[in-house]
$ cat upload-v2.cif   # mmCIF, C-alpha atoms and all ligand atoms
data_entry
loop_
_atom_site.label_atom_id
_atom_site.label_comp_id
_atom_site.auth_asym_id
_atom_site.auth_seq_id
_atom_site.Cartn_x
_atom_site.Cartn_y
_atom_site.Cartn_z
CA MET A 1 -9.47 -13.65 8.68
CA PHE A 2 -11.89 -12.33 6.04
CA GLY A 3 -13.74 -15.62 6.19
CA ASP A 4 -12.03 -18.45 4.39
CA ILE A 5 -9.13 -17.18 2.32
CA PRO A 6 -9.15 -19.24 -0.90
CA GLU A 7 -6.29 -21.74 -1.13
CA ARG A 8 -5.06 -20.19 -4.39
CA VAL A 9 -4.66 -16.81 -2.63
CA LEU A 10 -2.79 -18.43 0.27
CA GLU A 11 -0.55 -20.23 -2.23
CA GLN A 12 0.46 -16.92 -3.81
CA MET A 13 1.07 -15.33 -0.40
CA ARG A 14 3.32 -18.23 0.59
CA ARG A 15 5.13 -18.17 -2.77
CA LEU A 16 5.93 -14.45 -2.46
CA GLU A 17 6.97 -14.80 1.20
CA ALA A 18 9.50 -17.47 0.14
CA ILE A 19 10.92 -15.30 -2.68
CA ASP A 20 11.12 -12.23 -0.43
CA ALA A 21 12.93 -14.16 2.33
CA ARG A 22 15.42 -15.54 -0.21
CA ASP A 23 15.95 -12.07 -1.80
CA ARG A 24 17.01 -10.62 1.53
CA VAL A 25 19.94 -13.00 1.97
CA ASP A 26 21.12 -14.09 -1.48
CA GLY A 27 22.47 -10.80 -2.82
CA THR A 28 19.63 -10.12 -5.27
CA PRO A 29 20.05 -6.49 -6.47
CA ARG A 30 17.74 -3.95 -4.85
CA ASP A 31 15.64 -3.26 -7.96
CA LYS A 32 14.93 -7.00 -8.33
CA ARG A 33 14.11 -7.67 -4.68
CA LEU A 34 10.44 -7.80 -3.73
CA ARG A 35 10.94 -5.71 -0.54
CA GLN A 36 7.56 -6.77 0.83
CA ILE A 37 5.89 -5.79 4.06
CA PRO A 38 5.87 -8.52 6.74
CA PRO A 39 2.71 -10.67 7.11
CA GLU A 40 1.75 -8.98 10.40
CA THR A 41 1.78 -5.54 8.75
CA ALA A 42 -0.22 -6.92 5.82
CA LYS A 43 -2.93 -8.21 8.17
CA PHE A 44 -2.97 -4.92 10.05
CA LEU A 45 -3.46 -3.03 6.76
CA ALA A 46 -6.23 -5.32 5.59
CA ILE A 47 -8.11 -4.96 8.88
CA VAL A 48 -7.89 -1.16 9.03
CA ALA A 49 -8.64 -0.85 5.30
CA SER A 50 -11.81 -2.88 5.70
CA SER A 51 -13.05 -0.44 8.38
CA THR A 52 -12.83 2.73 6.26
CA PRO A 53 -15.83 4.62 4.79
CA GLN A 54 -17.04 3.84 1.25
CA GLY A 55 -14.61 4.93 -1.44
CA ASN A 56 -11.73 3.88 -3.64
CA PHE A 57 -8.71 1.81 -2.58
CA VAL A 58 -5.26 2.77 -3.85
CA GLU A 59 -1.74 1.41 -3.37
CA ILE A 60 1.51 3.12 -4.36
CA GLY A 61 4.27 0.51 -4.81
CA THR A 62 2.98 -2.91 -5.89
CA SER A 63 6.19 -4.93 -6.31
CA ALA A 64 5.00 -8.52 -7.01
CA GLY A 65 1.63 -7.93 -5.33
CA TYR A 66 2.01 -9.30 -1.79
CA SER A 67 0.48 -6.35 0.11
CA SER A 68 -2.08 -5.99 -2.70
CA LEU A 69 -3.35 -9.53 -2.06
CA TYR A 70 -4.16 -8.63 1.55
CA LEU A 71 -5.75 -5.33 0.54
CA GLY A 72 -7.65 -7.28 -2.11
CA LEU A 73 -9.24 -9.36 0.65
CA ALA A 74 -10.54 -6.16 2.25
CA CYS A 75 -11.78 -5.02 -1.17
CA ARG A 76 -13.55 -8.32 -1.79
CA GLU A 77 -15.32 -7.97 1.55
CA ARG A 78 -16.31 -4.38 0.74
CA GLY A 79 -17.26 -4.95 -2.92
CA VAL A 80 -14.70 -2.43 -4.23
CA ARG A 81 -11.59 -2.66 -6.40
CA LEU A 82 -7.96 -1.83 -5.66
CA THR A 83 -5.87 0.29 -8.02
CA THR A 84 -2.16 -0.32 -7.44
CA PHE A 85 0.74 1.55 -9.07
CA GLU A 86 4.12 0.07 -9.97
CA VAL A 87 6.78 2.02 -11.84
CA LEU A 88 8.88 -1.01 -12.89
CA GLU A 89 7.39 -2.91 -15.81
CA GLU A 90 8.93 -6.23 -14.80
CA LYS A 91 7.45 -6.07 -11.31
CA ALA A 92 4.07 -4.94 -12.62
CA HIS A 93 4.00 -8.04 -14.84
CA MET A 94 4.92 -10.23 -11.89
CA ALA A 95 2.06 -8.68 -9.93
CA GLN A 96 -0.41 -9.22 -12.77
CA GLU A 97 0.58 -12.88 -12.80
CA THR A 98 0.21 -13.07 -9.00
CA PHE A 99 -3.32 -11.68 -9.20
CA ARG A 100 -4.25 -14.00 -12.07
CA LEU A 101 -2.98 -17.08 -10.25
CA ALA A 102 -4.72 -15.97 -7.04
CA GLY A 103 -7.99 -15.41 -8.93
CA MET A 104 -8.02 -11.76 -7.81
CA ASP A 105 -7.42 -10.05 -11.15
CA ASP A 106 -11.04 -8.94 -11.23
CA ILE A 107 -10.53 -7.03 -7.94
CA ILE A 108 -6.98 -5.67 -8.33
CA LYS A 109 -5.92 -3.46 -11.23
CA VAL A 110 -2.19 -2.73 -11.74
CA ILE A 111 -1.18 0.50 -13.43
CA VAL A 112 2.38 0.56 -14.76
CA GLY A 113 3.91 3.97 -14.17
CA ASP A 114 4.94 6.60 -11.68
CA ALA A 115 1.98 6.99 -9.33
CA ARG A 116 2.61 10.73 -9.05
CA GLU A 117 1.46 11.18 -12.63
CA TYR A 118 -1.93 9.65 -11.84
CA LEU A 119 -2.79 10.69 -8.29
CA SER A 120 -4.27 14.08 -9.11
CA GLY A 121 -6.78 12.29 -11.37
CA LEU A 122 -8.13 10.13 -8.53
CA ASN A 123 -10.99 11.07 -6.25
CA GLY A 124 -12.99 9.75 -3.31
CA ILE A 125 -10.16 7.68 -1.81
CA SER A 126 -11.09 5.81 1.35
CA PHE A 127 -7.80 3.93 1.74
CA CYS A 128 -4.30 4.46 0.39
CA PHE A 129 -1.17 2.44 1.18
CA LEU A 130 2.07 4.25 0.39
CA ASP A 131 5.07 1.91 0.00
CA ALA A 132 7.33 3.33 -2.74
CA GLU A 133 10.77 5.00 -2.78
CA LYS A 134 11.09 7.23 0.27
CA GLU A 135 11.99 10.28 -1.86
CA VAL A 136 8.45 10.45 -3.26
CA TYR A 137 6.53 10.01 0.02
CA LEU A 138 6.02 13.68 0.82
CA GLU A 139 4.88 14.50 -2.71
CA CYS A 140 2.48 11.53 -2.69
CA TYR A 141 1.17 12.60 0.73
CA GLU A 142 0.34 16.07 -0.58
CA LEU A 143 -1.42 14.59 -3.61
CA ILE A 144 -3.41 11.97 -1.65
CA VAL A 145 -4.63 13.82 1.47
CA PRO A 146 -6.93 16.23 -0.43
CA LYS A 147 -8.44 13.21 -2.23
CA LEU A 148 -9.31 11.27 0.94
CA VAL A 149 -12.96 11.05 1.88
CA ARG A 150 -13.72 12.13 5.43
CA GLY A 151 -12.62 9.30 7.72
CA GLY A 152 -10.46 7.89 4.92
CA LEU A 153 -6.98 6.56 5.72
CA LEU A 154 -3.51 7.04 4.31
CA VAL A 155 -0.93 4.57 5.65
CA ALA A 156 2.79 5.01 4.88
CA ASP A 157 5.30 2.20 5.50
CA ASN A 158 8.86 2.40 6.89
CA VAL A 159 8.52 5.43 9.15
CA ILE A 160 10.46 3.67 11.93
CA SER A 161 12.96 1.70 9.78
CA HIS A 162 13.70 4.90 7.78
CA ALA A 163 12.97 7.34 10.60
CA GLU A 164 15.55 9.93 9.60
CA THR A 165 14.61 10.00 5.89
CA LEU A 166 10.90 10.14 6.66
CA GLN A 167 11.01 12.56 9.60
CA SER A 168 9.77 15.46 7.42
CA LEU A 169 6.76 13.38 6.37
CA VAL A 170 5.92 12.47 9.97
CA ASP A 171 6.34 16.11 11.06
CA ARG A 172 4.13 17.27 8.19
CA ALA A 173 1.36 14.79 9.07
CA MET A 174 1.50 15.55 12.81
CA ALA A 175 1.10 19.28 12.13
CA ASP A 176 -1.49 18.86 9.37
CA ARG A 177 -4.92 20.04 10.52
CA ARG A 178 -6.66 17.98 7.81
CA VAL A 179 -5.72 14.66 9.43
CA ASP A 180 -5.28 12.89 12.76
CA ALA A 181 -1.95 11.06 12.60
CA VAL A 182 -0.11 8.46 14.68
CA VAL A 183 2.93 6.23 14.21
CA VAL A 184 2.05 2.58 14.81
CA PRO A 185 5.03 0.42 15.89
CA ILE A 186 4.21 -2.62 13.82
CA GLY A 187 6.60 -4.12 11.26
CA ARG A 188 8.84 -1.34 9.92
CA GLY A 189 6.58 1.36 11.38
CA GLU A 190 3.35 2.64 9.84
CA LEU A 191 2.27 6.27 9.72
CA LEU A 192 -1.51 6.17 9.97
CA CYS A 193 -3.35 9.34 8.91
CA ARG A 194 -7.12 9.69 9.05
CA ARG A 195 -8.82 12.55 7.26
CA ILE A 196 -10.78 14.39 9.92
CA LEU A 197 -14.49 13.72 10.00
CA ASN A 198 -15.74 17.28 10.30
CA GLY A 199 -14.76 20.82 11.11
CA ARG A 200 -11.40 22.12 10.07
CA GLU A 201 -9.95 21.53 6.59
C1 LIG A 301 8.84 -1.63 -1.01
S1 LIG A 301 8.36 -2.12 -2.61
C2 LIG A 301 6.62 -2.43 -2.46
C3 LIG A 301 6.28 -3.69 -1.72
C4 LIG A 301 4.82 -4.05 -1.74
N1 LIG A 301 3.99 -2.97 -1.25
C5 LIG A 301 4.56 -5.27 -0.90
O1 LIG A 301 4.58 -5.13 0.35
O2 LIG A 301 4.37 -6.37 -1.46
C6 LIG A 301 8.33 -0.57 -3.44
C7 LIG A 301 7.89 -0.64 -4.89
O3 LIG A 301 7.48 0.67 -5.28
C8 LIG A 301 7.84 0.87 -6.62
N2 LIG A 301 7.86 2.33 -6.82
C9 LIG A 301 8.80 3.19 -6.38
N3 LIG A 301 8.48 4.46 -6.68
C10 LIG A 301 7.28 4.40 -7.34
C11 LIG A 301 6.42 5.37 -7.91
N4 LIG A 301 6.74 6.67 -7.88
N5 LIG A 301 5.26 4.95 -8.48
C12 LIG A 301 4.94 3.64 -8.53
N6 LIG A 301 5.74 2.67 -8.00
C13 LIG A 301 6.88 3.03 -7.41
C14 LIG A 301 9.19 0.17 -6.72
O4 LIG A 301 9.51 -0.14 -8.06
C15 LIG A 301 8.99 -1.05 -5.85
O5 LIG A 301 8.57 -2.18 -6.60
#

$ encode --input "upload-v2.cif" --output "structure tokens"
Amino acid sequence: MFGDIPERVLEQMRRLEAIDARDRVDGTPRDKRLRQIPPETAKFLAIVASSTPQGNFVEIGTSAGYSSLYLGLACRERGVRLTTFEVLEEKAHMAQETFRLAGMDDIIKVIVGDAREYLSGLNGISFCFLDAEKEVYLECYELIVPKLVRGGLLVADNVISHAETLQSLVDRAMADRRVDAVVVPIGRGELLCRRILNGRE
């Protein structure tokens, strides 16, 4: 996948997979757990991200940088950079260290803070992965969709695992004339929204 993934990137992926698996069973408090997407979802994201039109790559919810590493592979292939937002300082530092050890700190930039404070300042987004607290999804959706280039994608995690909480987001996307939307039953369920190519706004 994406040619030969450098061993130092694979090492970081394996390291984070081991921490995440341990977190889920050893009683680590929620704010300390990595809460990563599964490897299959990560590969899915990287493949769809690498097929989007030219534009900027954004991630909301970095944790220690596992999903970012996969998105970074798509960025490397495309010659673009990923901007990823993490509200918790400790996790943002973990992610910075992940990217440094993986040799991807020139491709992935972590911004420490609440993504909602930055999203209106972004433009020309071709790919956005939304994986934060569920309470902010709808607000992030409304901020991101107008910033997507035509054919650009917004993917939101957990729409099957948290179906009830995220039903209003799914309903909003399905009825939104600016995007074509579908729920993909992979991992915890991904809402995939593509900004329409032409015609209606
Ligand atoms: C499910 S984890 C992200 C996992 C990561 N995408 C991965 O798969 O490796 C969610 C992260 O989003 C962060 N977060 C929550 N709300 C946020 C916000 N409004 N802006 C930025 N980060 C946020 C949390 O601190 C947490 O680390």

$ residues_around --input "upload-v2.cif" --residues "Leu101 in chain A" --least-positions-apart "4" --cutoff "10 Å" --atoms "all atoms listed in the file" --output "list of chain:residue names"
A:Arg8, A:Val9, A:Glu11, A:Gln12, A:Ala95, A:Gln96, A:Glu97, A:Asp105

$ residues_near_ligand --input "upload-v2.cif" --ligand "ligand LIG 301 (chain A)" --cutoff "10 Å" --atoms "only C-alpha atoms and all ligand atoms" --output "PyMOL selection string"
chain A and resi 13+16-17+20+30-39+41-42+59-70+84-92+95+111-119+129-137+139-140+157-158

$ atom_distance --input "upload-v2.cif" --atom1 "CA of Val184 in chain A" --atom2 "CA of Ile125 in chain A"
21.2 Å

$ atom_distance --input "upload-v2.cif" --atom1 "CA of Gln167 in chain A" --atom2 "CA of Asn198 in chain A"
27.2 Å

$ closest_residue --input "upload-v2.cif" --among "A:Ala49, A:Ile186, A:Val58, A:Ala163" --to "Lys147 in chain A" --atoms "only C-alpha atoms"
A:Val58

$ atom_distance --input "upload-v2.cif" --atom1 "CA of Leu122 in chain A" --atom2 "CA of Thr83 in chain A"
10.1 Å

$ closest_residue --input "upload-v2.cif" --among "A:Val149, A:Val155, A:Leu82, A:Val179" --to "Cys128 in chain A" --atoms "only C-alpha atoms"
A:Val155
